[in-house]
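Chemist: So here's model-v4.cif (mmCIF, C-alpha atoms).
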data_final
loop_
_atom_site.label_atom_id
_atom_site.label_comp_id
_atom_site.auth_asym_id
_atom_site.auth_seq_id
_atom_site.Cartn_x
_atom_site.Cartn_y
_atom_site.Cartn_z
CA MET A 1 96.85 66.80 109.24
CA LEU A 2 96.10 64.08 106.75
CA LEU A 3 93.49 65.00 104.18
CA ARG A 4 91.08 62.50 102.71
CA GLU A 5 92.54 60.94 99.58
CA VAL A 6 92.23 63.33 96.66
CA ALA A 7 93.28 63.39 93.03
CA TYR A 8 95.24 66.38 91.74
CA ALA A 9 95.94 67.91 88.38
CA LYS A 10 97.69 71.12 87.37
CA PRO A 11 96.31 72.00 83.93
CA LYS A 12 98.39 74.03 81.50
CA SER A 13 95.50 75.98 80.00
CA LEU A 14 92.11 77.30 81.05
CA ALA A 15 90.46 75.05 78.46
CA GLU A 16 92.10 72.01 80.03
CA ALA A 17 91.05 73.16 83.52
CA ILE A 18 87.43 73.49 82.43
CA GLU A 19 87.59 70.08 80.76
CA LEU A 20 88.94 68.48 83.96
CA LEU A 21 86.34 70.24 86.14
CA ALA A 22 83.50 69.22 83.82
CA ALA A 23 84.65 65.59 83.73
CA ASP A 24 84.00 64.96 87.43
CA ASP A 25 81.20 66.36 89.63
CA GLY A 26 83.47 65.85 92.63
CA ALA A 27 86.24 68.03 91.16
CA ARG A 28 86.84 71.51 92.56
CA ALA A 29 89.07 74.35 91.45
CA LEU A 30 92.02 75.04 93.75
CA ALA A 31 92.90 78.74 93.77
CA GLY A 32 95.06 80.12 96.60
CA GLY A 33 93.91 77.32 98.87
CA GLN A 34 93.91 79.51 101.98
CA THR A 35 90.32 78.50 102.70
CA LEU A 36 89.89 75.27 100.76
CA ILE A 37 92.83 73.41 102.32
CA ASN A 38 91.50 74.22 105.80
CA VAL A 39 87.99 73.17 104.77
CA MET A 40 89.45 69.85 103.63
CA LYS A 41 91.39 69.42 106.90
CA ALA A 42 88.16 69.92 108.85
CA ARG A 43 86.35 67.52 106.46
CA ALA A 44 83.78 70.28 106.00
CA GLY A 45 84.33 69.60 102.32
CA SER A 46 86.10 66.70 100.66
CA PRO A 47 86.48 67.11 96.92
CA ASP A 48 87.39 63.99 94.95
CA ALA A 49 89.78 65.95 92.77
CA LEU A 50 91.55 69.29 92.93
CA ILE A 51 92.17 71.16 89.71
CA ASP A 52 94.99 73.57 90.54
CA LEU A 53 94.58 76.91 88.76
CA ASN A 54 98.00 78.16 89.89
CA GLY A 55 100.20 78.40 86.87
CA LEU A 56 97.47 79.61 84.50
CA ASP A 57 98.90 82.94 83.42
CA GLU A 58 95.67 83.73 81.56
CA LEU A 59 93.96 84.07 84.97
CA LYS A 60 96.62 86.44 86.31
CA GLY A 61 97.26 90.13 86.06
CA ILE A 62 95.68 93.53 86.44
CA GLU A 63 94.77 95.80 83.54
CA LEU A 64 93.61 99.37 83.68
CA GLY A 65 91.43 100.30 80.70
CA ALA A 66 91.29 103.70 79.04
CA ASP A 67 87.90 104.37 80.69
CA GLY A 68 89.35 103.56 84.13
CA THR A 69 87.88 100.06 84.33
CA LEU A 70 90.09 97.67 86.26
CA GLU A 71 90.21 94.11 85.05
CA LEU A 72 91.67 91.63 87.52
CA GLY A 73 92.42 88.03 86.64
CA ALA A 74 90.71 85.73 89.14
CA MET A 75 94.05 84.21 90.25
CA THR A 76 95.56 87.59 91.15
CA THR A 77 96.75 87.44 94.76
CA TYR A 78 95.99 90.02 97.47
CA THR A 79 99.71 90.88 97.60
CA GLU A 80 99.75 91.51 93.84
CA ILE A 81 96.74 93.81 94.20
CA VAL A 82 98.31 95.67 97.14
CA GLU A 83 101.55 96.20 95.17
CA SER A 84 99.95 97.00 91.80
CA SER A 85 100.19 100.56 90.49
CA GLU A 86 97.21 99.90 88.19
CA ALA A 87 95.04 98.82 91.13
CA ARG A 88 95.62 102.20 92.75
CA ALA A 89 93.10 103.56 90.24
CA ARG A 90 90.53 102.26 92.75
CA PRO A 91 92.48 102.77 96.00
CA ILE A 92 90.01 101.01 98.32
CA LEU A 93 90.78 97.70 96.65
CA GLY A 94 94.43 97.61 97.77
CA GLN A 95 93.54 99.11 101.15
CA VAL A 96 91.10 96.30 101.90
CA CYS A 97 93.33 93.54 100.48
CA ALA A 98 96.10 94.75 102.82
CA GLN A 99 93.75 94.06 105.77
CA ILE A 100 93.10 90.42 104.90
CA ALA A 101 94.69 88.03 107.41
CA ASP A 102 98.50 88.22 107.20
CA VAL A 103 101.49 88.28 104.84
CA GLN A 104 101.50 84.54 104.20
CA VAL A 105 97.79 84.37 103.40
CA ARG A 106 97.98 87.51 101.23
CA ASN A 107 100.83 85.95 99.25
CA ARG A 108 98.68 82.95 98.28
CA GLY A 109 95.04 84.04 98.57
CA THR A 110 93.35 85.30 95.43
CA ILE A 111 90.53 87.70 94.56
CA GLY A 112 88.75 84.89 92.72
CA GLY A 113 89.06 82.45 95.60
CA ASN A 114 87.78 85.05 98.05
CA VAL A 115 84.59 85.76 96.10
CA CYS A 116 83.97 82.18 94.92
CA THR A 117 84.15 80.95 98.52
CA ASN A 118 81.54 83.59 99.39
CA ASP A 119 82.02 83.05 103.08
CA PRO A 120 79.82 85.78 104.63
CA THR A 121 82.81 86.91 106.75
CA ASN A 122 85.05 87.49 103.71
CA HIS A 123 86.05 91.07 102.91
CA LEU A 124 85.72 91.13 99.16
CA PRO A 125 82.09 90.08 98.51
CA PRO A 126 80.60 93.21 100.17
CA LEU A 127 83.37 95.42 98.81
CA LEU A 128 82.94 94.27 95.21
CA ALA A 129 79.15 94.45 95.54
CA ALA A 130 79.44 98.10 96.65
CA LEU A 131 81.87 98.93 93.84
CA GLY A 132 79.54 97.52 91.19
CA ALA A 133 81.98 94.84 90.04
CA ARG A 134 81.16 92.41 87.26
CA PHE A 135 82.24 88.78 87.18
CA THR A 136 83.21 86.82 84.08
CA ILE A 137 82.59 83.07 84.21
CA GLN A 138 83.78 80.57 81.64
CA GLY A 139 82.55 77.05 81.02
CA ALA A 140 82.46 74.55 78.20
CA SER A 141 79.53 76.36 76.59
CA GLY A 142 81.23 79.75 76.59
CA GLU A 143 81.64 82.89 78.62
CA ARG A 144 79.15 85.09 80.49
CA THR A 145 79.48 88.17 82.65
CA VAL A 146 77.20 88.79 85.63
CA SER A 147 76.66 91.56 88.20
CA SER A 148 77.25 91.04 91.92
CA ASP A 149 73.46 90.67 92.42
CA GLU A 150 73.56 87.65 90.12
CA PHE A 151 76.94 86.36 91.29
CA PHE A 152 76.47 85.90 95.06
CA LEU A 153 73.75 83.28 95.58
CA GLY A 154 74.13 81.99 99.13
CA VAL A 155 76.62 80.97 101.82
CA TYR A 156 79.53 79.38 99.93
CA MET A 157 77.46 79.55 96.72
CA THR A 158 77.94 81.68 93.65
CA ALA A 159 76.90 81.71 90.01
CA VAL A 160 80.01 79.68 89.16
CA GLY A 161 78.59 76.22 88.47
CA LEU A 162 80.13 72.78 88.15
CA GLY A 163 82.58 72.72 85.27
CA GLU A 164 82.95 76.50 85.30
CA VAL A 165 85.71 78.89 86.35
CA LEU A 166 85.58 82.54 87.38
CA THR A 167 88.13 84.12 85.06
CA LYS A 168 87.95 87.86 85.65
CA VAL A 169 86.59 90.56 87.95
CA SER A 170 85.91 93.96 86.35
CA ILE A 171 85.61 97.07 88.49
CA PRO A 172 84.36 100.36 87.03
CA ALA A 173 86.25 103.63 87.59
CA GLY A 174 85.74 105.58 90.80
CA ARG A 175 87.61 106.88 93.82
CA ASN A 176 85.09 107.76 96.52
CA ASP A 177 84.87 104.50 98.41
CA GLY A 178 85.01 103.34 102.00
CA PHE A 179 85.25 100.14 104.02
CA ALA A 180 84.74 99.62 107.74
CA ALA A 181 84.64 96.42 109.76
CA VAL A 182 84.69 95.14 113.30
CA THR A 183 87.00 92.15 113.25
CA LEU A 184 88.31 89.40 115.51
CA GLY A 185 91.61 91.00 116.41
CA VAL A 186 93.35 93.51 114.16
CA GLU A 187 92.78 92.57 110.53
CA GLY A 188 91.11 89.31 111.53
CA THR A 189 87.86 87.73 110.42
CA CYS A 190 84.97 90.18 110.05
CA ILE A 191 82.14 90.17 112.60
CA VAL A 192 80.30 92.78 110.55
CA SER A 193 81.64 94.72 107.57
CA ALA A 194 80.34 97.58 105.45
CA ALA A 195 81.56 98.91 102.12
CA ALA A 196 80.40 102.17 100.56
CA SER A 197 80.74 103.78 97.17
CA LEU A 198 79.70 107.33 96.25
CA ASN A 199 80.54 107.31 92.59
CA GLY A 200 77.27 108.51 91.17
CA SER A 201 74.67 107.55 93.74
CA ALA A 202 75.43 106.24 97.23
CA ARG A 203 75.68 102.48 97.52
CA VAL A 204 76.36 100.48 100.67
CA ALA A 205 76.97 96.74 100.94
CA LEU A 206 76.90 94.98 104.31
CA GLY A 207 78.77 91.77 105.07
CA CYS A 208 78.22 89.10 107.79
CA VAL A 209 74.54 90.01 108.27
CA ASP A 210 73.03 87.65 105.70
CA ALA A 211 74.03 84.80 103.40
CA ILE A 212 75.07 87.24 100.70
CA PRO A 213 76.11 90.92 100.77
CA VAL A 214 73.11 93.16 101.51
CA VAL A 215 73.17 96.08 99.08
CA LEU A 216 71.45 99.34 100.08
CA ALA A 217 70.91 102.67 98.36
CA PRO A 218 70.62 105.36 101.08
CA ALA A 219 68.62 108.45 100.07
CA SER A 220 71.60 110.63 100.98
CA THR A 221 75.01 110.43 102.64
CA ASP A 222 73.62 112.04 105.77
CA ALA A 223 74.33 109.76 108.76
CA GLU A 224 70.67 109.53 109.74
CA ALA A 225 69.66 108.63 106.17
CA VAL A 226 72.32 105.90 106.09
CA ARG A 227 71.16 104.51 109.44
CA ALA A 228 67.55 104.59 108.25
CA ALA A 229 68.47 102.66 105.10
CA VAL A 230 70.11 99.95 107.25
CA ARG A 231 67.08 99.82 109.60
CA ASP A 232 64.67 99.62 106.63
CA ALA A 233 66.53 96.53 105.37
CA ASN A 234 65.02 94.59 108.34
CA LEU A 235 68.23 92.64 108.83
CA ASP A 236 68.04 89.34 110.63
CA PRO A 237 71.72 88.50 111.15
CA PRO A 238 72.81 85.30 112.90
CA SER A 239 73.91 85.22 116.54
CA ASP A 240 77.12 83.44 117.39
CA VAL A 241 79.84 83.39 120.02
CA HIS A 242 81.27 86.66 118.68
CA ALA A 243 78.13 88.79 118.49
CA SER A 244 74.40 88.58 119.05
CA SER A 245 71.96 89.29 116.26
CA ASP A 246 71.01 92.62 117.92
CA TYR A 247 74.64 93.66 118.24
CA ARG A 248 75.29 92.82 114.57
CA ARG A 249 72.28 94.98 113.61
CA HIS A 250 73.74 97.80 115.69
CA LEU A 251 77.20 97.37 114.13
CA ALA A 252 75.69 97.38 110.64
CA GLU A 253 74.34 100.91 111.20
CA VAL A 254 77.54 102.20 112.79
CA LEU A 255 79.83 100.67 110.15
CA ALA A 256 77.66 101.81 107.23
CA VAL A 257 78.04 105.39 108.48
CA ARG A 258 81.81 104.94 108.93
CA ALA A 259 82.18 103.51 105.42
CA ILE A 260 80.17 106.40 103.95
CA ASP A 261 82.28 108.89 105.94
CA GLN A 262 85.47 107.36 104.56
CA ALA A 263 84.04 107.50 101.04
CA GLN A 264 83.32 111.19 101.57
CA GLY A 265 86.83 111.76 102.83
CA VAL A 266 85.67 112.86 106.28
CA ALA A 267 86.84 109.82 108.23
CA MET B 1 97.61 64.23 84.15
CA ILE B 2 95.34 63.60 87.12
CA GLY B 3 96.15 61.23 89.95
CA THR B 4 96.32 60.68 93.70
CA GLU B 5 100.07 60.32 93.65
CA GLN B 6 102.70 62.24 91.76
CA SER B 7 106.45 62.43 91.39
CA ILE B 8 107.79 65.85 92.39
CA THR B 9 111.16 67.55 92.33
CA VAL B 10 111.88 70.30 94.82
CA THR B 11 115.03 72.10 95.80
CA ILE B 12 115.25 72.80 99.51
CA ASN B 13 118.09 74.94 100.84
CA GLY B 14 120.06 74.14 97.68
CA THR B 15 119.59 70.34 97.75
CA THR B 16 117.34 68.77 95.12
CA TYR B 17 114.97 66.00 96.18
CA GLU B 18 112.83 63.82 93.93
CA ARG B 19 110.05 61.91 95.64
CA GLU B 20 106.70 60.22 95.03
CA VAL B 21 104.07 61.96 97.12
CA GLU B 22 100.37 61.54 97.69
CA ALA B 23 98.37 64.55 96.47
CA ARG B 24 96.74 64.85 99.89
CA LYS B 25 100.07 65.40 101.67
CA LEU B 26 100.61 68.92 103.00
CA LEU B 27 103.94 70.55 102.18
CA ILE B 28 104.89 70.76 105.89
CA HIS B 29 104.53 66.98 106.26
CA PHE B 30 106.61 66.39 103.16
CA ILE B 31 109.35 68.63 104.52
CA ARG B 32 109.30 67.19 108.04
CA ASP B 33 108.34 63.53 107.58
CA ASP B 34 109.63 62.64 104.10
CA LEU B 35 112.80 64.74 104.11
CA ASP B 36 113.44 64.79 107.88
CA LEU B 37 113.91 68.55 107.88
CA THR B 38 112.26 69.11 111.24
CA GLY B 39 113.25 72.73 111.74
CA SER B 40 109.90 73.92 110.40
CA HIS B 41 107.26 73.31 113.05
CA ILE B 42 103.55 72.49 113.09
CA GLY B 43 101.80 74.64 115.64
CA CYS B 44 98.12 74.81 114.83
CA ASP B 45 97.67 72.96 111.54
CA THR B 46 94.98 75.50 110.61
CA GLY B 47 96.98 78.29 109.02
CA ASN B 48 96.83 80.59 112.03
CA CYS B 49 100.13 80.30 113.90
CA GLY B 50 102.81 80.63 111.23
CA ALA B 51 105.25 78.13 112.84
CA CYS B 52 105.41 76.26 109.50
CA SER B 53 106.32 79.36 107.46
CA VAL B 54 108.83 78.76 104.67
CA LEU B 55 109.85 80.58 101.52
CA VAL B 56 108.64 79.04 98.26
CA ASP B 57 110.36 80.65 95.27
CA GLY B 58 111.19 83.56 97.55
CA GLN B 59 107.64 84.02 98.75
CA LEU B 60 106.62 83.58 102.40
CA VAL B 61 103.88 80.96 102.80
CA LYS B 62 102.45 78.72 105.50
CA SER B 63 103.47 75.23 104.46
CA CYS B 64 100.40 73.67 106.11
CA MET B 65 98.23 75.59 103.63
CA LEU B 66 99.85 74.17 100.52
CA LEU B 67 99.99 70.65 99.11
CA ALA B 68 103.42 69.15 98.55
CA VAL B 69 102.52 68.49 94.89
CA GLN B 70 101.97 72.24 94.47
CA ALA B 71 105.64 72.79 95.26
CA ASP B 72 106.79 70.68 92.30
CA GLY B 73 109.66 72.52 90.62
CA ALA B 74 109.96 75.10 93.37
CA ALA B 75 112.98 76.32 95.31
CA ILE B 76 112.17 76.26 99.01
CA GLU B 77 114.03 77.82 101.91
CA THR B 78 113.52 76.60 105.46
CA VAL B 79 115.09 77.69 108.73
CA GLU B 80 117.86 75.09 108.23
CA GLY B 81 118.98 77.08 105.19
CA LEU B 82 119.70 80.27 107.13
CA SER B 83 123.02 79.12 108.56
CA ASP B 84 125.12 75.96 108.84
CA ASP B 85 126.17 76.13 112.46
CA GLU B 86 125.99 78.09 115.67
CA ASP B 87 129.12 80.10 114.92
CA ASP B 88 127.77 81.30 111.61
CA LEU B 89 124.37 82.78 112.44
CA THR B 90 122.73 85.33 110.20
CA LYS B 91 122.52 88.87 111.55
CA LEU B 92 118.85 88.22 112.27
CA GLN B 93 119.50 84.96 114.14
CA GLN B 94 122.27 86.61 116.17
CA ALA B 95 119.88 89.45 117.04
CA PHE B 96 117.28 86.89 118.21
CA LYS B 97 119.95 85.32 120.41
CA ASP B 98 121.31 88.60 121.78
CA ARG B 99 117.90 90.07 122.55
CA HIS B 100 116.29 87.00 124.03
CA ALA B 101 113.69 86.89 121.26
CA LEU B 102 112.69 83.34 122.13
CA GLN B 103 111.79 81.37 125.20
CA CYS B 104 110.42 77.96 124.29
CA GLY B 105 111.54 78.43 120.68
CA TYR B 106 108.60 76.71 119.07
CA CYS B 107 107.53 79.71 116.97
CA THR B 108 111.12 80.75 116.20
CA PRO B 109 111.61 78.97 112.83
CA GLY B 110 108.50 80.66 111.47
CA MET B 111 109.39 84.01 113.03
CA LEU B 112 112.87 83.84 111.46
CA MET B 113 111.47 83.03 108.01
CA SER B 114 108.86 85.82 108.20
CA ALA B 115 111.47 88.33 109.37
CA THR B 116 113.91 87.10 106.68
CA ALA B 117 111.25 87.66 104.00
CA LEU B 118 110.47 91.09 105.41
CA LEU B 119 114.09 92.25 105.54
CA ARG B 120 114.85 90.98 102.04
CA ALA B 121 111.95 92.96 100.59
CA ASN B 122 112.42 95.93 102.87
CA PRO B 123 115.87 96.13 104.54
CA HIS B 124 114.92 99.12 106.72
CA PRO B 125 111.29 98.63 107.73
CA SER B 126 109.41 101.07 109.94
CA ASP B 127 108.12 99.88 113.32
CA ASP B 128 104.67 99.34 111.82
CA GLU B 129 106.11 97.46 108.87
CA ILE B 130 107.94 95.11 111.26
CA ARG B 131 104.73 94.47 113.21
CA LYS B 132 102.78 93.89 110.02
CA GLY B 133 105.51 91.62 108.66
CA LEU B 134 105.20 89.37 111.71
CA GLN B 135 101.41 89.48 111.82
CA GLY B 136 101.02 85.89 110.62
CA ASN B 137 103.18 84.42 113.38
CA ILE B 138 101.96 83.71 116.90
CA CYS B 139 104.23 83.51 119.97
CA ARG B 140 102.87 82.40 123.35
CA CYS B 141 105.99 83.20 125.39
CA THR B 142 107.58 86.53 124.65
CA GLY B 143 104.75 88.99 124.26
CA TYR B 144 106.44 89.79 120.93
CA TRP B 145 108.43 92.74 122.24
CA ASN B 146 111.85 91.09 122.14
CA ILE B 147 111.11 89.61 118.72
CA PHE B 148 110.21 93.06 117.44
CA GLU B 149 113.43 94.48 118.98
CA ALA B 150 115.53 91.74 117.40
CA VAL B 151 114.13 92.35 113.92
CA LYS B 152 114.62 96.07 114.40
CA ALA B 153 118.24 95.51 115.47
CA ALA B 154 118.86 93.28 112.46
CA SER B 155 117.53 96.00 110.17
CA GLU B 156 119.91 98.67 111.45
#
Kindly return the structure encoded in the file as structure tokens.

Modeler:
Amino acid sequence: MLLREVAYAKPKSLAEAIELLAADDGARALAGGQTLINVMKARAGSPDALIDLNGLDELKGIELGADGTLELGAMTTYTEIVESSEARARPILGQVCAQIADVQVRNRGTIGGNVCTNDPTNHLPPLLAALGARFTIQGASGERTVSSDEFFLGVYMTAVGLGEVLTKVSIPAGRNDGFAAVTLGVEGTCIVSAAASLNGSARVALGCVDAIPVVLAPASTDAEAVRAAVRDANLDPPSDVHASSDYRRHLAEVLAVRAIDQAQGVA
Amino acid sequence: MIGTEQSITVTINGTTYEREVEARKLLIHFIRDDLDLTGSHIGCDTGNCGACSVLVDGQLVKSCMLLAVQADGAAIETVEGLSDDEDDLTKLQQAFKDRHALQCGYCTPGMLMSATALLRANPHPSDDEIRKGLQGNICRCTGYWNIFEAVKAASE
């Protein structure tokens, strides 16, 4: 398919990328492109310029800190996360990345692209919200780090503004995590997803039921308490061809319990 | 440098090509239309079917999900690079032929590239690893079974 005419640049440094993005309101960062290129084909979005972040080594790589914190460059691909020995410090991360789409998409798609798209059906926004990840954003005026509550703002919207780039995702130490989803076909797009983390207190994040991940703190890991926490959130998920609003509400309860069970090692 | 057109150099199956391309051109169109290498197919144009799968610097990608300008400097392998003629098929291609792993053949170039990538990384994959390795490729004819059998045979 022929895309609308677009300008392209492949900057050699992050500073140059930020400069190019800031110079044109119609410029967008191109990460793995596994969503953006399709969006452009469908004319759902038509950037005037693409600033290709591939090739910026400073946005790549996975580091495991002494305190167990994982730091992932925003341009790290799903395949790199799945194959990384460092990333196994938080095993759920590789397990979920291995469920995203297929080999080809995992080879190109990036953690940064997945969260910056913030499509409600994406896997990583609810997962990273449950894990308590922090997001480092850089722009011309400097660098800031925000929590998932501040990062995810709406459908396709995040705290990354015009002229800014997500550079890094930091995930604190922990092992007791779970993820459950009902998808379109095996490892397809999520209809509803739930991520859970039991490191410290219980934390559940639901995907596909609102514009941004819905984060809950169940009173206990007991199945009834988890279900009650989901009910108390008064979810009003959208209906579409794949599931009605009522069915999504039902799935949210079931999947939250499954994610908690996996986090407890009983699933 | 930013622009709507760029000069790129790519090596495909060992031959180096230098061309001016529009930034909006997808890699699959560059390969098929500009270079006349029509072995790689366009099935869905939405990144779902895998018929356009090629190897870029050894990595399996869908060439409809990449711009041609992004391949500047890369070494690309397409299905034409697997063998020169019918009498010199790769073990994988021969297994596809022997086990009737294609009917209409439209998905075959992508299937061969995905299976080639799988077997290079993992010469003796488990049954599940074969299935997962072919997950990004859709076939409407075979029901996948003969394709699976052919990849398994090629891995033995």

Chemist: Find the distance between atom CA of A:Leu255 and atom CA of A:Ala180 and write it in Å to one decimal.

Modeler: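 It comes out at 5.6 Å.
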
Chemist: In Å, how far is it from atom CA of A:Arg4 to atom CA of A:Pro47?

Modeler: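 Atom-to-atom, atom CA of A:Arg4 to atom CA of A:Pro47, that is 8.7 Å.
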
Chemist: For chain A, list the residues within 6 Å of chain B, counting only C-alpha atoms, and write the list as a list in words.

Modeler: Leu3, Glu5, Val6, Ala7, Tyr8, Ala9, Ile37, Asp102 and Gln104 of chain A

Chemist: So what do you get for atom CA of A:Gly55 versus atom CA of A:Lys12, distance-wise?

Modeler: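 Rounded to one decimal, the two atoms are 7.2 Å apart.
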
Chemist: Give me the result of the PyMOL selection byres ((chain A and resi 182) around 10) on this file, residue by residue, as a PDB file with C-alpha atoms, keeping the file's coordinate frame.

Modeler:
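In the end it all went to selection.pdb:
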ATOM      1  CA  ALA A 180      84.740  99.620 107.740  1.00  0.00           C
ATOM      2  CA  ALA A 181      84.640  96.420 109.760  1.00  0.00           C
ATOM      3  CA  THR A 183      87.000  92.150 113.250  1.00  0.00           C
ATOM      4  CA  LEU A 184      88.310  89.400 115.510  1.00  0.00           C
ATOM      5  CA  GLY A 185      91.610  91.000 116.410  1.00  0.00           C
ATOM      6  CA  VAL A 186      93.350  93.510 114.160  1.00  0.00           C
ATOM      7  CA  GLU A 187      92.780  92.570 110.530  1.00  0.00           C
ATOM      8  CA  GLY A 188      91.110  89.310 111.530  1.00  0.00           C
ATOM      9  CA  THR A 189      87.860  87.730 110.420  1.00  0.00           C
ATOM     10  CA  CYS A 190      84.970  90.180 110.050  1.00  0.00           C
ATOM     11  CA  ILE A 191      82.140  90.170 112.600  1.00  0.00           C
ATOM     12  CA  VAL A 192      80.300  92.780 110.550  1.00  0.00           C
ATOM     13  CA  SER A 193      81.640  94.720 107.570  1.00  0.00           C
ATOM     14  CA  ALA A 194      80.340  97.580 105.450  1.00  0.00           C
ATOM     15  CA  ARG A 248      75.290  92.820 114.570  1.00  0.00           C
ATOM     16  CA  LEU A 251      77.200  97.370 114.130  1.00  0.00           C
ATOM     17  CA  ALA A 252      75.690  97.380 110.640  1.00  0.00           C
ATOM     18  CA  LEU A 255      79.830 100.670 110.150  1.00  0.00           C
TER      19      LEU A 255
END

Chemist: Measuring atom to atom with only C-alpha atoms, identify which of B:Leu112, B:Cys139, B:Thr78, B:Asp72 is nearest to B:Lys97.

Modeler: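 Among B:Leu112, B:Cys139, B:Thr78, B:Asp72, it is B:Leu112 that comes nearest to B:Lys97.
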
Chemist: Write out as a list in words which residues come within 6 Å of A:Tyr78 when counting all atoms listed in the file, dropping same-chain ones fewer than 6 positions away.

Modeler: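 Surrounding residues, per the criterion: Cys97, Arg106 and Thr110 of chain A.
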
Chemist: Between A:Ala223, A:Val266, A:Ala17, A:Leu70, which has the minimum distance to A:Gln138 (counting only C-alpha atoms)?

Modeler: A:Ala17

Chemist: May I have the protein, DNA and RNA residues with any atom at most 10 Å from the point (76.6, 86.6, 93.5), counting only C-alpha atoms, written as a ChimeraX atom specification?

Modeler: /A:115-116,118,125,129,134-135,146-154,157-160,212-213
